[in-house]
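The file upload01.pdb comes next; it holds PDB, N, CA, C and O atoms.
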```pdb
MODEL        1
ATOM      1  N   MET A   1      15.053  -8.687  -4.287
ATOM      2  CA  MET A   1      15.352  -8.143  -3.001
ATOM      3  C   MET A   1      14.158  -8.427  -2.088
ATOM      4  O   MET A   1      13.012  -8.330  -2.498
ATOM      5  N   ASN A   2      14.410  -8.769  -0.866
ATOM      6  CA  ASN A   2      13.375  -8.963   0.141
ATOM      7  C   ASN A   2      13.450  -7.841   1.154
ATOM      8  O   ASN A   2      14.536  -7.444   1.574
ATOM      9  N   VAL A   3      12.300  -7.334   1.549
ATOM     10  CA  VAL A   3      12.207  -6.315   2.579
ATOM     11  C   VAL A   3      11.281  -6.854   3.651
ATOM     12  O   VAL A   3      10.171  -7.290   3.350
ATOM     13  N   LYS A   4      11.732  -6.841   4.868
ATOM     14  CA  LYS A   4      10.892  -7.323   5.962
ATOM     15  C   LYS A   4      10.324  -6.108   6.682
ATOM     16  O   LYS A   4      11.073  -5.198   7.048
ATOM     17  N   ILE A   5       8.998  -6.088   6.863
ATOM     18  CA  ILE A   5       8.365  -4.976   7.561
ATOM     19  C   ILE A   5       7.554  -5.508   8.733
ATOM     20  O   ILE A   5       7.166  -6.674   8.768
ATOM     21  N   PHE A   6       7.303  -4.634   9.669
ATOM     22  CA  PHE A   6       6.471  -4.953  10.814
ATOM     23  C   PHE A   6       5.391  -3.888  10.881
ATOM     24  O   PHE A   6       5.697  -2.694  10.906
ATOM     25  N   VAL A   7       4.137  -4.299  10.878
ATOM     26  CA  VAL A   7       3.018  -3.370  10.963
ATOM     27  C   VAL A   7       2.525  -3.384  12.402
ATOM     28  O   VAL A   7       2.070  -4.408  12.907
ATOM     29  N   GLN A   8       2.621  -2.235  13.051
ATOM     30  CA  GLN A   8       2.254  -2.141  14.462
ATOM     31  C   GLN A   8       0.741  -2.145  14.649
ATOM     32  O   GLN A   8      -0.013  -1.741  13.757
ATOM     33  N   SER A   9       0.332  -2.585  15.818
ATOM     34  CA  SER A   9      -1.065  -2.526  16.217
ATOM     35  C   SER A   9      -1.448  -1.055  16.375
ATOM     36  O   SER A   9      -0.614  -0.263  16.804
ATOM     37  N   PRO A  10      -2.593  -0.643  16.011
ATOM     38  CA  PRO A  10      -3.772  -1.393  15.596
ATOM     39  C   PRO A  10      -3.854  -1.613  14.089
ATOM     40  O   PRO A  10      -4.812  -2.184  13.590
ATOM     41  N   TYR A  11      -2.841  -1.171  13.331
ATOM     42  CA  TYR A  11      -2.906  -1.247  11.872
ATOM     43  C   TYR A  11      -2.745  -2.659  11.333
ATOM     44  O   TYR A  11      -3.153  -2.948  10.216
ATOM     45  N   ASP A  12      -2.155  -3.544  12.133
ATOM     46  CA  ASP A  12      -1.955  -4.918  11.690
ATOM     47  C   ASP A  12      -3.271  -5.633  11.381
ATOM     48  O   ASP A  12      -3.322  -6.533  10.555
ATOM     49  N   GLN A  13      -4.371  -5.210  11.998
ATOM     50  CA  GLN A  13      -5.664  -5.843  11.751
ATOM     51  C   GLN A  13      -6.179  -5.587  10.335
ATOM     52  O   GLN A  13      -7.087  -6.264   9.876
ATOM     53  N   PHE A  14      -5.606  -4.627   9.644
ATOM     54  CA  PHE A  14      -6.034  -4.302   8.288
ATOM     55  C   PHE A  14      -5.288  -5.083   7.210
ATOM     56  O   PHE A  14      -5.571  -4.940   6.026
ATOM     57  N   ILE A  15      -4.305  -5.875   7.591
ATOM     58  CA  ILE A  15      -3.501  -6.632   6.631
ATOM     59  C   ILE A  15      -4.178  -7.968   6.349
ATOM     60  O   ILE A  15      -4.330  -8.799   7.240
ATOM     61  N   THR A  16      -4.605  -8.159   5.098
ATOM     62  CA  THR A  16      -5.213  -9.413   4.655
ATOM     63  C   THR A  16      -4.386  -9.934   3.478
ATOM     64  O   THR A  16      -3.485  -9.234   2.995
ATOM     65  N   PRO A  17      -4.690 -11.130   2.978
ATOM     66  CA  PRO A  17      -3.940 -11.631   1.816
ATOM     67  C   PRO A  17      -4.074 -10.734   0.577
ATOM     68  O   PRO A  17      -3.272 -10.820  -0.340
ATOM     69  N   ASP A  18      -5.073  -9.838   0.561
ATOM     70  CA  ASP A  18      -5.300  -8.971  -0.599
ATOM     71  C   ASP A  18      -4.719  -7.564  -0.421
ATOM     72  O   ASP A  18      -4.885  -6.707  -1.272
ATOM     73  N   THR A  19      -4.032  -7.306   0.680
ATOM     74  CA  THR A  19      -3.452  -5.990   0.944
ATOM     75  C   THR A  19      -2.353  -5.681  -0.070
ATOM     76  O   THR A  19      -1.597  -6.558  -0.467
ATOM     77  N   ARG A  20      -2.287  -4.435  -0.489
ATOM     78  CA  ARG A  20      -1.263  -3.985  -1.448
ATOM     79  C   ARG A  20      -0.312  -3.029  -0.746
ATOM     80  O   ARG A  20      -0.732  -2.135  -0.025
ATOM     81  N   PHE A  21       0.980  -3.204  -0.983
ATOM     82  CA  PHE A  21       2.026  -2.350  -0.413
ATOM     83  C   PHE A  21       2.738  -1.627  -1.551
ATOM     84  O   PHE A  21       2.931  -2.183  -2.623
ATOM     85  N   TRP A  22       3.133  -0.383  -1.312
ATOM     86  CA  TRP A  22       3.873   0.347  -2.336
ATOM     87  C   TRP A  22       4.871   1.311  -1.697
ATOM     88  O   TRP A  22       4.739   1.684  -0.547
ATOM     89  N   ASN A  23       5.860   1.683  -2.504
ATOM     90  CA  ASN A  23       6.876   2.640  -2.101
ATOM     91  C   ASN A  23       6.199   3.999  -1.979
ATOM     92  O   ASN A  23       5.654   4.515  -2.949
ATOM     93  N   ALA A  24       6.231   4.563  -0.795
ATOM     94  CA  ALA A  24       5.516   5.814  -0.537
ATOM     95  C   ALA A  24       6.463   6.992  -0.399
ATOM     96  O   ALA A  24       6.212   7.899   0.365
ATOM     97  N   SER A  25       7.539   6.981  -1.132
ATOM     98  CA  SER A  25       8.518   8.055  -0.970
ATOM     99  C   SER A  25       8.534   9.003  -2.149
ATOM    100  O   SER A  25       9.544   9.607  -2.446
ATOM    101  N   GLY A  26       7.414   9.145  -2.812
ATOM    102  CA  GLY A  26       7.428   9.986  -3.992
ATOM    103  C   GLY A  26       6.229  10.885  -4.151
ATOM    104  O   GLY A  26       5.338  10.933  -3.321
ATOM    105  N   LEU A  27       6.254  11.556  -5.245
ATOM    106  CA  LEU A  27       5.216  12.475  -5.655
ATOM    107  C   LEU A  27       4.778  12.023  -7.037
ATOM    108  O   LEU A  27       5.612  11.842  -7.930
ATOM    109  N   ILE A  28       3.485  11.813  -7.232
ATOM    110  CA  ILE A  28       2.978  11.348  -8.516
ATOM    111  C   ILE A  28       2.087  12.426  -9.111
ATOM    112  O   ILE A  28       1.114  12.856  -8.493
ATOM    113  N   LEU A  29       2.437  12.869 -10.300
ATOM    114  CA  LEU A  29       1.637  13.835 -11.043
ATOM    115  C   LEU A  29       1.080  13.157 -12.283
ATOM    116  O   LEU A  29       1.797  12.432 -12.973
ATOM    117  N   SER A  30      -0.201  13.386 -12.555
ATOM    118  CA  SER A  30      -0.774  12.839 -13.783
ATOM    119  C   SER A  30      -1.756  13.848 -14.358
ATOM    120  O   SER A  30      -2.468  14.536 -13.629
ATOM    121  N   LEU A  31      -1.765  13.924 -15.668
ATOM    122  CA  LEU A  31      -2.659  14.832 -16.372
ATOM    123  C   LEU A  31      -3.630  13.988 -17.179
ATOM    124  O   LEU A  31      -3.221  13.220 -18.048
ATOM    125  N   THR A  32      -4.913  14.100 -16.871
ATOM    126  CA  THR A  32      -5.951  13.345 -17.558
ATOM    127  C   THR A  32      -6.998  14.315 -18.078
ATOM    128  O   THR A  32      -6.887  15.530 -17.873
ATOM    129  N   ALA A  33      -8.028  13.778 -18.717
ATOM    130  CA  ALA A  33      -9.124  14.617 -19.197
ATOM    131  C   ALA A  33      -9.811  15.334 -18.036
ATOM    132  O   ALA A  33     -10.396  16.398 -18.213
ATOM    133  N   ALA A  34      -9.731  14.755 -16.846
ATOM    134  CA  ALA A  34     -10.334  15.359 -15.658
ATOM    135  C   ALA A  34      -9.467  16.469 -15.070
ATOM    136  O   ALA A  34      -9.897  17.176 -14.172
ATOM    137  N   GLY A  35      -8.245  16.616 -15.559
ATOM    138  CA  GLY A  35      -7.358  17.655 -15.071
ATOM    139  C   GLY A  35      -6.089  17.094 -14.451
ATOM    140  O   GLY A  35      -5.789  15.921 -14.573
ATOM    141  N   LEU A  36      -5.368  17.951 -13.772
ATOM    142  CA  LEU A  36      -4.116  17.574 -13.124
ATOM    143  C   LEU A  36      -4.420  16.912 -11.790
ATOM    144  O   LEU A  36      -5.202  17.422 -10.994
ATOM    145  N   GLN A  37      -3.798  15.771 -11.551
ATOM    146  CA  GLN A  37      -3.952  15.072 -10.280
ATOM    147  C   GLN A  37      -2.587  14.957  -9.625
ATOM    148  O   GLN A  37      -1.608  14.629 -10.288
ATOM    149  N   VAL A  38      -2.552  15.240  -8.336
ATOM    150  CA  VAL A  38      -1.318  15.148  -7.561
ATOM    151  C   VAL A  38      -1.571  14.189  -6.407
ATOM    152  O   VAL A  38      -2.523  14.349  -5.656
ATOM    153  N   HIS A  39      -0.718  13.174  -6.291
ATOM    154  CA  HIS A  39      -0.801  12.212  -5.193
ATOM    155  C   HIS A  39       0.519  12.235  -4.457
ATOM    156  O   HIS A  39       1.573  12.047  -5.063
ATOM    157  N   THR A  40       0.463  12.489  -3.161
ATOM    158  CA  THR A  40       1.678  12.488  -2.351
ATOM    159  C   THR A  40       1.423  11.738  -1.057
ATOM    160  O   THR A  40       0.287  11.541  -0.639
ATOM    161  N   GLU A  41       2.483  11.335  -0.441
ATOM    162  CA  GLU A  41       2.410  10.774   0.899
ATOM    163  C   GLU A  41       2.783  11.898   1.860
ATOM    164  O   GLU A  41       2.908  13.050   1.460
ATOM    165  N   SER A  42       2.985  11.593   3.105
ATOM    166  CA  SER A  42       3.349  12.618   4.074
ATOM    167  C   SER A  42       4.708  13.223   3.714
ATOM    168  O   SER A  42       5.515  12.606   3.014
ATOM    169  N   VAL A  43       4.955  14.412   4.205
ATOM    170  CA  VAL A  43       6.235  15.079   3.958
ATOM    171  C   VAL A  43       7.374  14.212   4.493
ATOM    172  O   VAL A  43       8.416  14.076   3.849
ATOM    173  N   MET A  44       7.163  13.585   5.640
ATOM    174  CA  MET A  44       8.199  12.724   6.216
ATOM    175  C   MET A  44       8.506  11.550   5.292
ATOM    176  O   MET A  44       9.673  11.197   5.112
ATOM    177  N   SER A  45       7.477  10.952   4.689
ATOM    178  CA  SER A  45       7.702   9.839   3.757
ATOM    179  C   SER A  45       8.449  10.305   2.521
ATOM    180  O   SER A  45       9.307   9.595   2.004
ATOM    181  N   ILE A  46       8.133  11.485   2.039
ATOM    182  CA  ILE A  46       8.817  12.010   0.852
ATOM    183  C   ILE A  46      10.292  12.230   1.158
ATOM    184  O   ILE A  46      11.157  11.905   0.354
ATOM    185  N   LEU A  47      10.595  12.763   2.344
ATOM    186  CA  LEU A  47      11.980  13.048   2.708
ATOM    187  C   LEU A  47      12.761  11.808   3.118
ATOM    188  O   LEU A  47      13.914  11.645   2.738
ATOM    189  N   ALA A  48      12.140  10.922   3.898
ATOM    190  CA  ALA A  48      12.869   9.786   4.457
ATOM    191  C   ALA A  48      12.557   8.466   3.768
ATOM    192  O   ALA A  48      13.258   7.489   3.960
ATOM    193  N   GLY A  49      11.514   8.427   2.966
ATOM    194  CA  GLY A  49      11.100   7.178   2.337
ATOM    195  C   GLY A  49      10.146   6.424   3.239
ATOM    196  O   GLY A  49      10.074   6.668   4.437
ATOM    197  N   GLY A  50       9.396   5.522   2.648
ATOM    198  CA  GLY A  50       8.455   4.763   3.451
ATOM    199  C   GLY A  50       7.676   3.781   2.597
ATOM    200  O   GLY A  50       7.801   3.753   1.375
ATOM    201  N   ILE A  51       6.872   2.977   3.265
ATOM    202  CA  ILE A  51       6.011   2.008   2.608
ATOM    203  C   ILE A  51       4.587   2.265   3.075
ATOM    204  O   ILE A  51       4.343   2.414   4.276
ATOM    205  N   ALA A  52       3.674   2.332   2.142
ATOM    206  CA  ALA A  52       2.259   2.512   2.459
ATOM    207  C   ALA A  52       1.514   1.247   2.080
ATOM    208  O   ALA A  52       2.002   0.437   1.291
ATOM    209  N   PHE A  53       0.324   1.081   2.647
ATOM    210  CA  PHE A  53      -0.490  -0.073   2.278
ATOM    211  C   PHE A  53      -1.958   0.285   2.312
ATOM    212  O   PHE A  53      -2.373   1.246   2.960
ATOM    213  N   GLU A  54      -2.730  -0.497   1.586
ATOM    214  CA  GLU A  54      -4.176  -0.343   1.558
ATOM    215  C   GLU A  54      -4.784  -1.705   1.249
ATOM    216  O   GLU A  54      -4.238  -2.463   0.440
ATOM    217  N   THR A  55      -5.877  -2.000   1.888
ATOM    218  CA  THR A  55      -6.589  -3.245   1.635
ATOM    219  C   THR A  55      -7.872  -2.913   0.889
ATOM    220  O   THR A  55      -8.683  -2.134   1.394
ATOM    221  N   PRO A  56      -8.056  -3.472  -0.313
ATOM    222  CA  PRO A  56      -9.278  -3.188  -1.064
ATOM    223  C   PRO A  56     -10.522  -3.632  -0.283
ATOM    224  O   PRO A  56     -10.508  -4.644   0.410
ATOM    225  N   VAL A  57     -11.583  -2.856  -0.410
ATOM    226  CA  VAL A  57     -12.845  -3.183   0.249
ATOM    227  C   VAL A  57     -13.525  -4.302  -0.527
ATOM    228  O   VAL A  57     -13.658  -4.229  -1.751
ATOM    229  N   LYS A  58     -13.932  -5.327   0.175
ATOM    230  CA  LYS A  58     -14.611  -6.487  -0.430
ATOM    231  C   LYS A  58     -15.985  -6.637   0.210
ATOM    232  O   LYS A  58     -16.231  -6.144   1.306
ATOM    233  N   ASP A  59     -16.877  -7.354  -0.475
ATOM    234  CA  ASP A  59     -18.189  -7.638   0.099
ATOM    235  C   ASP A  59     -18.065  -8.473   1.364
ATOM    236  O   ASP A  59     -18.754  -8.249   2.341
ATOM    237  N   LEU A  60     -17.191  -9.462   1.315
ATOM    238  CA  LEU A  60     -16.939 -10.312   2.477
ATOM    239  C   LEU A  60     -15.536 -10.040   2.987
ATOM    240  O   LEU A  60     -14.577 -10.065   2.217
ATOM    241  N   PRO A  61     -15.396  -9.773   4.285
ATOM    242  CA  PRO A  61     -14.046  -9.521   4.809
ATOM    243  C   PRO A  61     -13.177 -10.767   4.724
ATOM    244  O   PRO A  61     -13.642 -11.883   4.906
ATOM    245  N   LEU A  62     -11.911 -10.547   4.389
ATOM    246  CA  LEU A  62     -10.942 -11.644   4.335
ATOM    247  C   LEU A  62     -10.320 -11.843   5.705
ATOM    248  O   LEU A  62     -10.242 -10.912   6.500
ATOM    249  N   PRO A  63      -9.837 -13.048   5.974
ATOM    250  CA  PRO A  63      -9.157 -13.283   7.262
ATOM    251  C   PRO A  63      -7.825 -12.528   7.276
ATOM    252  O   PRO A  63      -7.290 -12.177   6.232
ATOM    253  N   PRO A  64      -7.294 -12.274   8.465
ATOM    254  CA  PRO A  64      -5.992 -11.602   8.542
ATOM    255  C   PRO A  64      -4.904 -12.418   7.834
ATOM    256  O   PRO A  64      -4.993 -13.640   7.755
ATOM    257  N   ALA A  65      -3.916 -11.720   7.323
ATOM    258  CA  ALA A  65      -2.781 -12.401   6.687
ATOM    259  C   ALA A  65      -2.004 -13.169   7.744
ATOM    260  O   ALA A  65      -1.958 -12.784   8.913
ATOM    261  N   GLU A  66      -1.399 -14.259   7.316
ATOM    262  CA  GLU A  66      -0.602 -15.072   8.228
ATOM    263  C   GLU A  66       0.702 -14.357   8.574
ATOM    264  O   GLU A  66       1.196 -13.531   7.810
ATOM    265  N   THR A  67       1.259 -14.684   9.700
ATOM    266  CA  THR A  67       2.560 -14.158  10.097
ATOM    267  C   THR A  67       3.584 -14.549   9.034
ATOM    268  O   THR A  67       3.556 -15.661   8.520
ATOM    269  N   ASN A  68       4.460 -13.634   8.673
ATOM    270  CA  ASN A  68       5.507 -13.824   7.663
ATOM    271  C   ASN A  68       4.945 -14.043   6.266
ATOM    272  O   ASN A  68       5.595 -14.673   5.424
ATOM    273  N   ALA A  69       3.746 -13.542   5.999
ATOM    274  CA  ALA A  69       3.180 -13.620   4.649
ATOM    275  C   ALA A  69       4.055 -12.812   3.697
ATOM    276  O   ALA A  69       4.724 -11.856   4.091
ATOM    277  N   THR A  70       4.047 -13.180   2.424
ATOM    278  CA  THR A  70       4.839 -12.498   1.405
ATOM    279  C   THR A  70       3.927 -11.662   0.524
ATOM    280  O   THR A  70       2.879 -12.127   0.078
ATOM    281  N   PHE A  71       4.333 -10.416   0.280
ATOM    282  CA  PHE A  71       3.576  -9.489  -0.552
ATOM    283  C   PHE A  71       4.527  -8.857  -1.563
ATOM    284  O   PHE A  71       5.719  -8.756  -1.321
ATOM    285  N   THR A  72       3.986  -8.389  -2.657
ATOM    286  CA  THR A  72       4.761  -7.633  -3.640
ATOM    287  C   THR A  72       4.818  -6.182  -3.198
ATOM    288  O   THR A  72       3.810  -5.620  -2.768
ATOM    289  N   LEU A  73       5.984  -5.559  -3.296
ATOM    290  CA  LEU A  73       6.141  -4.132  -3.031
ATOM    291  C   LEU A  73       6.133  -3.420  -4.375
ATOM    292  O   LEU A  73       7.069  -3.544  -5.163
ATOM    293  N   PHE A  74       5.052  -2.691  -4.651
ATOM    294  CA  PHE A  74       4.909  -1.985  -5.922
ATOM    295  C   PHE A  74       5.633  -0.648  -5.870
ATOM    296  O   PHE A  74       5.926  -0.121  -4.791
ATOM    297  N   ASN A  75       5.904  -0.083  -7.037
ATOM    298  CA  ASN A  75       6.595   1.201  -7.110
ATOM    299  C   ASN A  75       5.741   2.354  -6.611
ATOM    300  O   ASN A  75       6.247   3.325  -6.072
ATOM    301  N   ASN A  76       4.425   2.265  -6.825
ATOM    302  CA  ASN A  76       3.525   3.326  -6.411
ATOM    303  C   ASN A  76       2.102   2.775  -6.279
ATOM    304  O   ASN A  76       1.838   1.621  -6.641
ATOM    305  N   ARG A  77       1.178   3.591  -5.793
ATOM    306  CA  ARG A  77      -0.200   3.148  -5.559
ATOM    307  C   ARG A  77      -0.894   2.795  -6.876
ATOM    308  O   ARG A  77      -1.636   1.831  -6.958
ATOM    309  N   THR A  78      -0.649   3.567  -7.909
ATOM    310  CA  THR A  78      -1.271   3.299  -9.212
ATOM    311  C   THR A  78      -0.906   1.915  -9.713
ATOM    312  O   THR A  78      -1.756   1.171 -10.192
ATOM    313  N   GLU A  79       0.348   1.558  -9.593
ATOM    314  CA  GLU A  79       0.807   0.228  -9.998
ATOM    315  C   GLU A  79       0.187  -0.856  -9.119
ATOM    316  O   GLU A  79      -0.203  -1.921  -9.607
ATOM    317  N   ALA A  80       0.082  -0.599  -7.841
ATOM    318  CA  ALA A  80      -0.451  -1.588  -6.908
ATOM    319  C   ALA A  80      -1.906  -1.955  -7.219
ATOM    320  O   ALA A  80      -2.317  -3.092  -7.034
ATOM    321  N   PHE A  81      -2.664  -0.977  -7.697
ATOM    322  CA  PHE A  81      -4.079  -1.224  -7.974
ATOM    323  C   PHE A  81      -4.388  -1.267  -9.458
ATOM    324  O   PHE A  81      -5.550  -1.292  -9.843
ATOM    325  N   GLY A  82      -3.348  -1.286 -10.293
ATOM    326  CA  GLY A  82      -3.544  -1.380 -11.743
ATOM    327  C   GLY A  82      -3.931  -2.771 -12.175
ATOM    328  O   GLY A  82      -4.098  -3.676 -11.353
ATOM    329  N   PRO A  83      -4.067  -2.988 -13.477
ATOM    330  CA  PRO A  83      -4.495  -4.287 -14.000
ATOM    331  C   PRO A  83      -3.615  -5.464 -13.563
ATOM    332  O   PRO A  83      -4.116  -6.544 -13.321
ATOM    333  N   ALA A  84      -2.315  -5.229 -13.423
ATOM    334  CA  ALA A  84      -1.418  -6.329 -13.032
ATOM    335  C   ALA A  84      -1.288  -6.423 -11.513
ATOM    336  O   ALA A  84      -0.692  -7.352 -11.012
ATOM    337  N   GLY A  85      -1.841  -5.458 -10.769
ATOM    338  CA  GLY A  85      -1.702  -5.422  -9.317
ATOM    339  C   GLY A  85      -2.611  -6.350  -8.586
ATOM    340  O   GLY A  85      -3.417  -7.062  -8.999
TER
ENDMDL
END
```
Step by step, read the file and then write its structure as C-alpha cells.
Amino acid sequence: MNVKIFVQSPYDQFITPDTRFWNASGLILSLTAAGLQVHTESVMSILAGGIAFETPVKDLPLPPAETNATFTLFNNRTEAFGPAG
C-alpha cells in the first residue's frame, strides 16, 4: 500500500533521507527492568489516527529529502528506530 503525505512548512525542513515515519494512532506500553513505560501520541492522533516522524540527530546534517521521496511507514516508533529501522 502507498500513502502519500504532505508535510507543511516549517516542519518540511526536518525531513531528510534518514527521517523515520510511523503510525501514531496508538498507545504503547512496555515493562522493562527500568519499570513501566507508556508512549502515546496526542489524544487527537489516538482518536483519529495519524503519522508521526522524527529525524535522527547526526554529526553532520543531511540535505533535505527530495520531493516525492519514498519512506517506510513503520507500525510504531520503537519499530522505526529498532535494529531493522
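Taking atom O of Gly50 in chain A and atom N of Pro64 in chain A as the two end points, the separation is 23.1 Å.
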Residue IDs satisfying the PyMOL selection byres ((chain A and resi 3-5) around 8), as a PDB file with N, CA, C and O atoms, in the coordinates of the input:
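Once everything was written out, this is selection_22.pdb:
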```pdb
ATOM      1  N   MET A   1      15.053  -8.687  -4.287  1.00  0.00           N
ATOM      2  CA  MET A   1      15.352  -8.143  -3.001  1.00  0.00           C
ATOM      3  C   MET A   1      14.158  -8.427  -2.088  1.00  0.00           C
ATOM      4  O   MET A   1      13.012  -8.330  -2.498  1.00  0.00           O
ATOM      5  N   ASN A   2      14.410  -8.769  -0.866  1.00  0.00           N
ATOM      6  CA  ASN A   2      13.375  -8.963   0.141  1.00  0.00           C
ATOM      7  C   ASN A   2      13.450  -7.841   1.154  1.00  0.00           C
ATOM      8  O   ASN A   2      14.536  -7.444   1.574  1.00  0.00           O
ATOM      9  N   PHE A   6       7.303  -4.634   9.669  1.00  0.00           N
ATOM     10  CA  PHE A   6       6.471  -4.953  10.814  1.00  0.00           C
ATOM     11  C   PHE A   6       5.391  -3.888  10.881  1.00  0.00           C
ATOM     12  O   PHE A   6       5.697  -2.694  10.906  1.00  0.00           O
ATOM     13  N   VAL A   7       4.137  -4.299  10.878  1.00  0.00           N
ATOM     14  CA  VAL A   7       3.018  -3.370  10.963  1.00  0.00           C
ATOM     15  C   VAL A   7       2.525  -3.384  12.402  1.00  0.00           C
ATOM     16  O   VAL A   7       2.070  -4.408  12.907  1.00  0.00           O
ATOM     17  N   GLN A   8       2.621  -2.235  13.051  1.00  0.00           N
ATOM     18  CA  GLN A   8       2.254  -2.141  14.462  1.00  0.00           C
ATOM     19  C   GLN A   8       0.741  -2.145  14.649  1.00  0.00           C
ATOM     20  O   GLN A   8      -0.013  -1.741  13.757  1.00  0.00           O
ATOM     21  N   ASN A  68       4.460 -13.634   8.673  1.00  0.00           N
ATOM     22  CA  ASN A  68       5.507 -13.824   7.663  1.00  0.00           C
ATOM     23  C   ASN A  68       4.945 -14.043   6.266  1.00  0.00           C
ATOM     24  O   ASN A  68       5.595 -14.673   5.424  1.00  0.00           O
ATOM     25  N   ALA A  69       3.746 -13.542   5.999  1.00  0.00           N
ATOM     26  CA  ALA A  69       3.180 -13.620   4.649  1.00  0.00           C
ATOM     27  C   ALA A  69       4.055 -12.812   3.697  1.00  0.00           C
ATOM     28  O   ALA A  69       4.724 -11.856   4.091  1.00  0.00           O
ATOM     29  N   THR A  70       4.047 -13.180   2.424  1.00  0.00           N
ATOM     30  CA  THR A  70       4.839 -12.498   1.405  1.00  0.00           C
ATOM     31  C   THR A  70       3.927 -11.662   0.524  1.00  0.00           C
ATOM     32  O   THR A  70       2.879 -12.127   0.078  1.00  0.00           O
ATOM     33  N   PHE A  71       4.333 -10.416   0.280  1.00  0.00           N
ATOM     34  CA  PHE A  71       3.576  -9.489  -0.552  1.00  0.00           C
ATOM     35  C   PHE A  71       4.527  -8.857  -1.563  1.00  0.00           C
ATOM     36  O   PHE A  71       5.719  -8.756  -1.321  1.00  0.00           O
TER      37      PHE A  71
END
```
If the PyMOL selection byres (((chain A and resi 61 and name CA) around 12) and name CA) is run on the structure shown, which residues does it catch, given as a tab-separated table (two decimals) with N, CA, C and O atoms, keeping the file's coordinate frame?
```tsv
chain	number	residue	atom	x	y	z
A	13	GLN	N	-4.37	-5.21	12.00
A	13	GLN	CA	-5.66	-5.84	11.75
A	13	GLN	C	-6.18	-5.59	10.34
A	13	GLN	O	-7.09	-6.26	9.88
A	14	PHE	N	-5.61	-4.63	9.64
A	14	PHE	CA	-6.03	-4.30	8.29
A	14	PHE	C	-5.29	-5.08	7.21
A	14	PHE	O	-5.57	-4.94	6.03
A	15	ILE	N	-4.30	-5.88	7.59
A	15	ILE	CA	-3.50	-6.63	6.63
A	15	ILE	C	-4.18	-7.97	6.35
A	15	ILE	O	-4.33	-8.80	7.24
A	16	THR	N	-4.61	-8.16	5.10
A	16	THR	CA	-5.21	-9.41	4.66
A	16	THR	C	-4.39	-9.93	3.48
A	16	THR	O	-3.48	-9.23	3.00
A	17	PRO	N	-4.69	-11.13	2.98
A	17	PRO	CA	-3.94	-11.63	1.82
A	17	PRO	C	-4.07	-10.73	0.58
A	17	PRO	O	-3.27	-10.82	-0.34
A	18	ASP	N	-5.07	-9.84	0.56
A	18	ASP	CA	-5.30	-8.97	-0.60
A	18	ASP	C	-4.72	-7.56	-0.42
A	18	ASP	O	-4.88	-6.71	-1.27
A	19	THR	N	-4.03	-7.31	0.68
A	19	THR	CA	-3.45	-5.99	0.94
A	19	THR	C	-2.35	-5.68	-0.07
A	19	THR	O	-1.60	-6.56	-0.47
A	55	THR	N	-5.88	-2.00	1.89
A	55	THR	CA	-6.59	-3.24	1.64
A	55	THR	C	-7.87	-2.91	0.89
A	55	THR	O	-8.68	-2.13	1.39
A	56	PRO	N	-8.06	-3.47	-0.31
A	56	PRO	CA	-9.28	-3.19	-1.06
A	56	PRO	C	-10.52	-3.63	-0.28
A	56	PRO	O	-10.51	-4.64	0.41
A	57	VAL	N	-11.58	-2.86	-0.41
A	57	VAL	CA	-12.84	-3.18	0.25
A	57	VAL	C	-13.52	-4.30	-0.53
A	57	VAL	O	-13.66	-4.23	-1.75
A	58	LYS	N	-13.93	-5.33	0.18
A	58	LYS	CA	-14.61	-6.49	-0.43
A	58	LYS	C	-15.98	-6.64	0.21
A	58	LYS	O	-16.23	-6.14	1.31
A	59	ASP	N	-16.88	-7.35	-0.48
A	59	ASP	CA	-18.19	-7.64	0.10
A	59	ASP	C	-18.07	-8.47	1.36
A	59	ASP	O	-18.75	-8.25	2.34
A	60	LEU	N	-17.19	-9.46	1.32
A	60	LEU	CA	-16.94	-10.31	2.48
A	60	LEU	C	-15.54	-10.04	2.99
A	60	LEU	O	-14.58	-10.06	2.22
A	62	LEU	N	-11.91	-10.55	4.39
A	62	LEU	CA	-10.94	-11.64	4.34
A	62	LEU	C	-10.32	-11.84	5.70
A	62	LEU	O	-10.24	-10.91	6.50
A	63	PRO	N	-9.84	-13.05	5.97
A	63	PRO	CA	-9.16	-13.28	7.26
A	63	PRO	C	-7.82	-12.53	7.28
A	63	PRO	O	-7.29	-12.18	6.23
A	64	PRO	N	-7.29	-12.27	8.46
A	64	PRO	CA	-5.99	-11.60	8.54
A	64	PRO	C	-4.90	-12.42	7.83
A	64	PRO	O	-4.99	-13.64	7.76
A	65	ALA	N	-3.92	-11.72	7.32
A	65	ALA	CA	-2.78	-12.40	6.69
A	65	ALA	C	-2.00	-13.17	7.74
A	65	ALA	O	-1.96	-12.78	8.91
```
task: Translate the PyMOL selection byres ((chain A and resi 77) around 8), as applied to the file shown, into an explicit residue set as a list in words.
output: Arg20, Phe21, Trp22, Asn23, Ala24, Ala52, Phe74, Asn75, Asn76, Thr78, Glu79, Ala80, Phe81, Gly82 and Gly85 of chain A
- line: Students should find that atom C of Pro83 in chain A and CA of Glu54 in chain A are spaced 16.0 Å
message: Just to confirm, what's the straight-line distance from atom C of Thr67 in chain A to atom C of Ile51 in chain A in Å (one decimal)?
response: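 So the two atoms, atom C of Thr67 in chain A and atom C of Ile51 in chain A, lie 17.9 Å apart.
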Output as lines of an AutoDock Vina configuration file the centre and edge lengths (Å, one decimal) of the box along x, y and z of the file that holds every listed atom of range 68-76 of chain A after adding 8 Å on each side.
```
center_x = 4.5
center_y = -5.7
center_z = 0.8
size_x = 21.2
size_y = 34.0
size_z = 31.8
```
